[in-house]
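Engineer: Hey, dropping protein32.csv in here, CSV, N, CA and C atoms:
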chain,number,residue,atom,x,y,z
A,101,MET,N,-116.5,-102.0,-157.6
A,101,MET,CA,-115.2,-102.2,-158.2
A,101,MET,C,-114.6,-103.6,-157.7
A,102,ALA,N,-115.2,-104.2,-156.7
A,102,ALA,CA,-114.7,-105.5,-156.2
A,102,ALA,C,-114.8,-106.5,-157.3
A,103,MET,N,-113.8,-107.3,-157.5
A,103,MET,CA,-113.8,-108.4,-158.5
A,103,MET,C,-114.3,-109.7,-158.0
A,104,ARG,N,-114.7,-109.8,-156.7
A,104,ARG,CA,-115.1,-111.0,-156.1
A,104,ARG,C,-116.4,-111.5,-156.8
A,105,LYS,N,-117.3,-110.6,-157.2
A,105,LYS,CA,-118.5,-111.0,-157.8
A,105,LYS,C,-118.3,-111.7,-159.1
A,106,TRP,N,-117.4,-111.1,-159.9
A,106,TRP,CA,-117.2,-111.6,-161.3
A,106,TRP,C,-116.3,-112.9,-161.2
A,107,LEU,N,-115.6,-113.1,-160.2
A,107,LEU,CA,-114.8,-114.3,-160.1
A,107,LEU,C,-115.5,-115.5,-159.4
A,108,GLY,N,-116.7,-115.2,-158.9
A,108,GLY,CA,-117.6,-116.2,-158.3
A,108,GLY,C,-117.3,-116.4,-156.8
A,109,PHE,N,-116.6,-115.5,-156.1
A,109,PHE,CA,-116.3,-115.6,-154.7
A,109,PHE,C,-117.4,-115.0,-153.8
A,110,SER,N,-118.4,-114.3,-154.4
A,110,SER,CA,-119.3,-113.6,-153.6
A,110,SER,C,-120.7,-114.0,-153.9
A,111,GLU,N,-121.6,-114.1,-152.9
A,111,GLU,CA,-123.0,-114.3,-153.1
A,111,GLU,C,-123.8,-113.1,-152.8
A,112,GLY,N,-123.2,-112.0,-152.6
A,112,GLY,CA,-123.9,-110.7,-152.4
A,112,GLY,C,-124.4,-110.5,-151.0
A,113,GLU,N,-123.8,-111.2,-150.0
A,113,GLU,CA,-124.2,-111.0,-148.6
A,113,GLU,C,-123.6,-109.7,-148.1
A,114,ILE,N,-124.3,-109.2,-147.0
A,114,ILE,CA,-123.8,-107.9,-146.4
A,114,ILE,C,-123.0,-108.3,-145.2
A,115,SER,N,-121.9,-107.6,-145.0
A,115,SER,CA,-120.9,-107.9,-143.9
A,115,SER,C,-121.6,-107.7,-142.5
A,116,ARG,N,-120.9,-108.3,-141.5
A,116,ARG,CA,-121.4,-108.1,-140.1
A,116,ARG,C,-121.2,-106.7,-139.7
A,117,SER,N,-121.8,-106.3,-138.6
A,117,SER,CA,-121.8,-104.9,-138.2
A,117,SER,C,-120.4,-104.5,-137.5
A,118,ASP,N,-119.7,-105.5,-137.1
A,118,ASP,CA,-118.4,-105.3,-136.4
A,118,ASP,C,-117.2,-105.3,-137.3
A,119,CYS,N,-117.4,-105.4,-138.6
A,119,CYS,CA,-116.2,-105.5,-139.5
A,119,CYS,C,-115.8,-104.0,-139.9
A,120,LYS,N,-114.6,-103.9,-140.3
A,120,LYS,CA,-114.1,-102.6,-140.7
A,120,LYS,C,-114.7,-102.1,-142.0
A,121,PRO,N,-114.9,-100.9,-142.2
A,121,PRO,CA,-115.4,-100.4,-143.5
A,121,PRO,C,-114.2,-100.4,-144.5
A,122,CYS,N,-114.5,-100.4,-145.8
A,122,CYS,CA,-113.5,-100.6,-146.9
A,122,CYS,C,-112.5,-99.5,-146.8
A,123,SER,N,-112.9,-98.3,-146.6
A,123,SER,CA,-111.9,-97.1,-146.6
A,123,SER,C,-110.9,-97.3,-145.5
A,124,ARG,N,-111.3,-97.7,-144.3
A,124,ARG,CA,-110.4,-97.9,-143.2
A,124,ARG,C,-109.5,-99.1,-143.5
A,125,LEU,N,-110.0,-100.1,-144.0
A,125,LEU,CA,-109.2,-101.3,-144.3
A,125,LEU,C,-108.1,-101.0,-145.4
A,126,MET,N,-108.5,-100.2,-146.4
A,126,MET,CA,-107.5,-99.8,-147.4
A,126,MET,C,-106.4,-98.9,-146.8
A,127,ARG,N,-106.9,-98.0,-145.9
A,127,ARG,CA,-105.9,-97.0,-145.3
A,127,ARG,C,-104.9,-97.7,-144.4
A,128,HIS,N,-105.4,-98.7,-143.6
A,128,HIS,CA,-104.5,-99.4,-142.7
A,128,HIS,C,-103.6,-100.3,-143.5
A,129,THR,N,-104.1,-101.0,-144.5
A,129,THR,CA,-103.2,-101.8,-145.4
A,129,THR,C,-102.1,-101.0,-146.1
A,130,ALA,N,-102.5,-99.8,-146.6
A,130,ALA,CA,-101.6,-99.0,-147.3
A,130,ALA,C,-100.5,-98.4,-146.4
A,131,GLY,N,-100.9,-98.1,-145.1
A,131,GLY,CA,-100.0,-97.6,-144.2
A,131,GLY,C,-99.0,-98.6,-143.8
A,132,ILE,N,-99.4,-99.8,-143.6
A,132,ILE,CA,-98.4,-100.9,-143.2
A,132,ILE,C,-97.5,-101.2,-144.3
A,133,PHE,N,-98.0,-101.3,-145.6
A,133,PHE,CA,-97.2,-101.6,-146.7
A,133,PHE,C,-96.3,-100.5,-147.2
A,134,THR,N,-96.6,-99.2,-146.7
A,134,THR,CA,-95.7,-98.1,-147.0
A,134,THR,C,-94.3,-98.3,-146.4
A,135,PHE,N,-94.4,-98.7,-145.1
A,135,PHE,CA,-93.1,-99.0,-144.4
A,135,PHE,C,-92.4,-100.2,-145.0
A,136,GLY,N,-93.1,-101.3,-145.2
A,136,GLY,CA,-92.5,-102.5,-145.8
A,136,GLY,C,-91.9,-102.2,-147.2
A,137,GLY,N,-92.6,-101.5,-148.0
A,137,GLY,CA,-92.2,-101.2,-149.4
A,137,GLY,C,-90.9,-100.3,-149.4
A,138,GLY,N,-90.9,-99.3,-148.5
A,138,GLY,CA,-89.8,-98.5,-148.4
A,138,GLY,C,-88.5,-99.2,-147.9
A,139,MET,N,-88.7,-100.1,-146.9
A,139,MET,CA,-87.6,-100.9,-146.4
A,139,MET,C,-87.1,-101.9,-147.5
A,140,SER,N,-88.0,-102.5,-148.2
A,140,SER,CA,-87.6,-103.5,-149.2
A,140,SER,C,-86.9,-102.9,-150.4
A,141,PHE,N,-87.3,-101.7,-150.8
A,141,PHE,CA,-86.7,-101.1,-151.9
A,141,PHE,C,-85.3,-100.5,-151.5
A,142,TRP,N,-85.2,-100.1,-150.2
A,142,TRP,CA,-84.0,-99.6,-149.7
A,142,TRP,C,-82.9,-100.7,-149.8
A,143,ILE,N,-83.4,-101.9,-149.4
A,143,ILE,CA,-82.5,-103.1,-149.4
A,143,ILE,C,-82.1,-103.4,-150.9
A,144,LEU,N,-83.1,-103.4,-151.8
A,144,LEU,CA,-82.8,-103.6,-153.2
A,144,LEU,C,-81.8,-102.6,-153.7
A,145,CYS,N,-81.9,-101.3,-153.3
A,145,CYS,CA,-81.0,-100.3,-153.8
A,145,CYS,C,-79.6,-100.6,-153.2
A,146,ARG,N,-79.5,-101.0,-152.0
A,146,ARG,CA,-78.1,-101.4,-151.4
A,146,ARG,C,-77.5,-102.5,-152.2
A,147,LEU,N,-78.3,-103.5,-152.5
A,147,LEU,CA,-77.8,-104.7,-153.3
A,147,LEU,C,-77.4,-104.3,-154.7
A,148,HIS,N,-78.2,-103.4,-155.3
A,148,HIS,CA,-78.0,-103.1,-156.7
A,148,HIS,C,-76.7,-102.2,-156.9
A,149,TYR,N,-76.6,-101.2,-156.0
A,149,TYR,CA,-75.5,-100.2,-156.2
A,149,TYR,C,-74.2,-100.6,-155.5
A,150,GLY,N,-74.3,-101.3,-154.4
A,150,GLY,CA,-73.1,-101.7,-153.6
A,150,GLY,C,-72.4,-100.5,-153.0
A,151,PRO,N,-71.1,-100.4,-153.3
A,151,PRO,CA,-70.3,-99.3,-152.7
A,151,PRO,C,-70.6,-97.9,-153.3
A,152,ARG,N,-71.3,-97.9,-154.5
A,152,ARG,CA,-71.5,-96.6,-155.2
A,152,ARG,C,-72.8,-95.9,-154.7
A,153,ILE,N,-73.3,-96.4,-153.5
A,153,ILE,CA,-74.6,-95.9,-153.0
A,153,ILE,C,-74.5,-94.5,-152.5
A,154,THR,N,-75.5,-93.7,-152.7
A,154,THR,CA,-75.5,-92.3,-152.1
A,154,THR,C,-76.8,-92.1,-151.3
A,155,ILE,N,-76.9,-91.2,-150.5
A,155,ILE,CA,-78.1,-90.9,-149.7
A,155,ILE,C,-79.3,-90.5,-150.5
A,156,PRO,N,-79.2,-89.6,-151.5
A,156,PRO,CA,-80.3,-89.2,-152.3
A,156,PRO,C,-80.8,-90.4,-153.1
A,157,ARG,N,-79.9,-91.2,-153.6
A,157,ARG,CA,-80.3,-92.4,-154.3
A,157,ARG,C,-81.1,-93.4,-153.5
A,158,THR,N,-80.7,-93.6,-152.3
A,158,THR,CA,-81.4,-94.6,-151.4
A,158,THR,C,-82.8,-94.0,-151.0
A,159,LEU,N,-82.8,-92.7,-150.8
A,159,LEU,CA,-84.1,-92.1,-150.4
A,159,LEU,C,-85.1,-92.1,-151.6
A,160,ARG,N,-84.6,-91.9,-152.8
A,160,ARG,CA,-85.4,-92.0,-154.0
A,160,ARG,C,-86.0,-93.4,-154.2
A,161,TRP,N,-85.1,-94.4,-154.0
A,161,TRP,CA,-85.6,-95.8,-154.1
A,161,TRP,C,-86.6,-96.1,-153.0
A,162,ALA,N,-86.3,-95.7,-151.8
A,162,ALA,CA,-87.2,-96.0,-150.7
A,162,ALA,C,-88.6,-95.3,-150.9
A,163,ALA,N,-88.6,-94.1,-151.4
A,163,ALA,CA,-89.8,-93.4,-151.7
A,163,ALA,C,-90.6,-94.0,-152.8
A,164,CYS,N,-90.0,-94.4,-153.8
A,164,CYS,CA,-90.6,-95.1,-154.9
A,164,CYS,C,-91.2,-96.5,-154.5
A,165,GLY,N,-90.5,-97.2,-153.7
A,165,GLY,CA,-90.9,-98.4,-153.1
A,165,GLY,C,-92.1,-98.3,-152.2
A,166,ALA,N,-92.1,-97.2,-151.4
A,166,ALA,CA,-93.2,-97.0,-150.5
A,166,ALA,C,-94.5,-96.7,-151.2
A,167,VAL,N,-94.4,-95.8,-152.2
A,167,VAL,CA,-95.5,-95.4,-153.0
A,167,VAL,C,-96.1,-96.6,-153.8
A,168,SER,N,-95.2,-97.3,-154.5
A,168,SER,CA,-95.7,-98.3,-155.4
A,168,SER,C,-96.3,-99.5,-154.6
A,169,VAL,N,-95.6,-99.9,-153.5
A,169,VAL,CA,-96.1,-101.1,-152.8
A,169,VAL,C,-97.4,-100.7,-152.0
A,170,SER,N,-97.5,-99.5,-151.4
A,170,SER,CA,-98.7,-99.2,-150.7
A,170,SER,C,-99.9,-99.0,-151.6
A,171,SER,N,-99.7,-98.4,-152.8
A,171,SER,CA,-100.8,-98.2,-153.7
A,171,SER,C,-101.3,-99.6,-154.3
A,172,THR,N,-100.3,-100.4,-154.6
A,172,THR,CA,-100.7,-101.8,-155.1
A,172,THR,C,-101.4,-102.6,-154.1
A,173,SER,N,-101.0,-102.5,-152.8
A,173,SER,CA,-101.7,-103.3,-151.8
A,173,SER,C,-103.1,-102.7,-151.6
A,174,ALA,N,-103.2,-101.4,-151.6
A,174,ALA,CA,-104.6,-100.8,-151.4
A,174,ALA,C,-105.5,-101.2,-152.5
A,175,LEU,N,-104.9,-101.2,-153.8
A,175,LEU,CA,-105.8,-101.6,-154.9
A,175,LEU,C,-106.2,-103.1,-154.8
A,176,LEU,N,-105.3,-104.0,-154.4
A,176,LEU,CA,-105.6,-105.4,-154.2
A,176,LEU,C,-106.7,-105.6,-153.1
A,177,VAL,N,-106.6,-104.8,-152.0
A,177,VAL,CA,-107.6,-104.9,-151.0
A,177,VAL,C,-109.0,-104.4,-151.6
A,178,ARG,N,-108.9,-103.3,-152.3
A,178,ARG,CA,-110.2,-102.8,-152.9
A,178,ARG,C,-110.8,-103.8,-153.9
A,179,LEU,N,-110.0,-104.6,-154.6
A,179,LEU,CA,-110.5,-105.5,-155.6
A,179,LEU,C,-111.0,-106.8,-155.0
A,180,PHE,N,-110.3,-107.3,-153.9
A,180,PHE,CA,-110.6,-108.7,-153.5
A,180,PHE,C,-111.1,-108.8,-152.1
A,181,SER,N,-111.4,-107.7,-151.4
A,181,SER,CA,-111.9,-107.8,-150.0
A,181,SER,C,-113.4,-107.8,-150.0
A,182,PRO,N,-114.0,-108.6,-149.2
A,182,PRO,CA,-115.5,-108.7,-149.1
A,182,PRO,C,-116.1,-107.4,-148.6
A,183,GLU,N,-115.3,-106.6,-147.8
A,183,GLU,CA,-115.8,-105.4,-147.2
A,183,GLU,C,-115.9,-104.3,-148.3
A,184,CYS,N,-115.3,-104.5,-149.4
A,184,CYS,CA,-115.2,-103.5,-150.5
A,184,CYS,C,-116.2,-103.8,-151.6
A,185,GLU,N,-117.1,-104.8,-151.4
A,185,GLU,CA,-118.2,-105.0,-152.4
A,185,GLU,C,-119.2,-103.9,-152.4
A,186,PRO,N,-119.8,-103.6,-153.5
A,186,PRO,CA,-120.7,-102.5,-153.6
A,186,PRO,C,-121.8,-102.5,-152.5
A,187,GLN,N,-122.4,-103.6,-152.2
A,187,GLN,CA,-123.5,-103.6,-151.2
A,187,GLN,C,-123.0,-103.3,-149.8
A,188,ASN,N,-121.8,-103.7,-149.5
A,188,ASN,CA,-121.2,-103.3,-148.2
A,188,ASN,C,-120.8,-101.9,-148.1
A,189,ILE,N,-120.3,-101.3,-149.1
A,189,ILE,CA,-120.0,-99.9,-149.1
A,189,ILE,C,-121.2,-99.1,-149.0
A,190,ALA,N,-122.3,-99.4,-149.7
A,190,ALA,CA,-123.5,-98.7,-149.6
A,190,ALA,C,-124.1,-98.9,-148.2
A,191,ALA,N,-124.0,-100.0,-147.6
A,191,ALA,CA,-124.6,-100.2,-146.2
A,191,ALA,C,-123.8,-99.4,-145.2
A,192,PHE,N,-122.5,-99.3,-145.4
A,192,PHE,CA,-121.7,-98.5,-144.4
A,192,PHE,C,-122.0,-97.0,-144.7
A,193,ASP,N,-122.2,-96.6,-145.9
A,193,ASP,CA,-122.4,-95.2,-146.2
A,193,ASP,C,-123.8,-94.7,-145.6
A,194,LYS,N,-124.8,-95.6,-145.7
A,194,LYS,CA,-126.1,-95.3,-145.1
A,194,LYS,C,-126.1,-95.4,-143.6
A,195,GLY,N,-125.2,-96.2,-143.1
A,195,GLY,CA,-125.2,-96.4,-141.6
A,195,GLY,C,-126.1,-97.5,-141.2
A,196,LYS,N,-126.5,-98.3,-142.2
A,196,LYS,CA,-127.5,-99.4,-141.9
A,196,LYS,C,-126.8,-100.7,-142.1
A,197,VAL,N,-125.9,-101.1,-141.3
A,197,VAL,CA,-125.3,-102.4,-141.4
A,197,VAL,C,-126.2,-103.4,-140.7
A,198,LEU,N,-126.6,-104.5,-141.3
A,198,LEU,CA,-127.5,-105.4,-140.7
A,198,LEU,C,-126.9,-106.1,-139.4
A,199,GLN,N,-127.6,-106.3,-138.4
A,199,GLN,CA,-127.2,-107.0,-137.2
A,199,GLN,C,-127.5,-108.4,-137.4
A,200,GLY,N,-126.6,-109.3,-136.9
A,200,GLY,CA,-126.9,-110.7,-136.9
A,200,GLY,C,-125.9,-111.4,-137.6
Could you render the structure as structure tokens?

Structural biologist:
Amino acid sequence: MAMRKWLGFSEGEISRSDCKPCSRLMRHTAGIFTFGGGMSFWILCRLHYGPRITIPRTLRWAACGAVSVSSTSALLVRLFSPECEPQNIAAFDKGKVLQG
């Protein structure tokens, strides 16, 4: 699913043995951006509604921001990270990551 091959950024090499696998990289990125997305949408809600703000409204905005930003960032990592290229996912799944 990685788009690096079609955009010409990849030569098909296998990643080093000490790099993170794609699933862990996506999970960590999504976790970090969940907090950032929730906080940023909470600020946008405060700016948008001003004094008419309510607690359920801010929680709804924060939840939507957390979900949308984390899923978008995980998708971008999946599409453009070298660890998420098909040959690297297959190498990690088999447990045969090349040394060197």

Engineer: So, counting only C-alpha atoms, which residue among A:Ser181, A:Thr129, A:Ser170, A:Thr158 is closest to Arg146 of chain A?

Structural biologist: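 Closest to Arg146 of chain A of all the choices is A:Thr158.
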
Engineer: Just give me the gap between atom C of Thr154 of chain A and atom C of Val169 of chain A in Å, one decimal is fine.

Structural biologist: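 Between atom C of Thr154 of chain A and atom C of Val169 of chain A the gap works out to 22.3 Å.
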
Engineer: Between A:Gly136, A:Pro151, A:Gly131, A:Pro186, which is the closest to Gly165 of chain A once you count only C-alpha atoms?

Structural biologist: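 Among the listed residues, A:Gly136 lies closest to Gly165 of chain A.
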
Engineer: Just the number, please: distance in Å from atom N of Ile114 of chain A to atom CA of Gln187 of chain A, one decimal.

Structural biologist: 7.0 Å

Engineer: Just how far from atom CA of Ala174 of chain A is atom N of Leu159 of chain A, in Å to one decimal?

Structural biologist: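 Result for atom N of Leu159 of chain A versus atom CA of Ala174 of chain A: 23.3 Å, one decimal.
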
Engineer: Between A:Met126, A:His148, A:Phe135, A:Ala190, which residue has the minimum interatomic distance to Ser173 of chain A, considering all atoms listed in the file?

Structural biologist: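 Answer, going by the shortest atom-to-atom distance: A:Met126.
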
Engineer: Within 8 Å of Pro121 of chain A, counting only N, CA and C atoms, which residues show up once you throw out same-chain ones fewer than 4 positions away? Write them as a count of residues only, please.

Structural biologist: 8

Engineer: Measuring atom to atom with only C-alpha atoms, identify which of A:Ala191, A:Cys164, A:Val177, A:Ile155 is nearest to Ala130 of chain A.

Structural biologist: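 So, comparing all the options, the nearest one is A:Val177.
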
Engineer: Which residue out of A:Ser123, A:Glu185, A:Met139, A:Phe133 has the minimum interatomic distance to Thr172 of chain A when only C-alpha atoms are used?

Structural biologist: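 Nearest candidate to Thr172 of chain A out of A:Ser123, A:Glu185, A:Met139, A:Phe133: A:Phe133.
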
Engineer: May I have the residues within 8 Å of Arg157 of chain A as a ChimeraX atom specification, using all atoms listed in the file and disregarding those fewer than 4 positions away in the same chain?

Structural biologist: /A:142,145-146,153,161-163
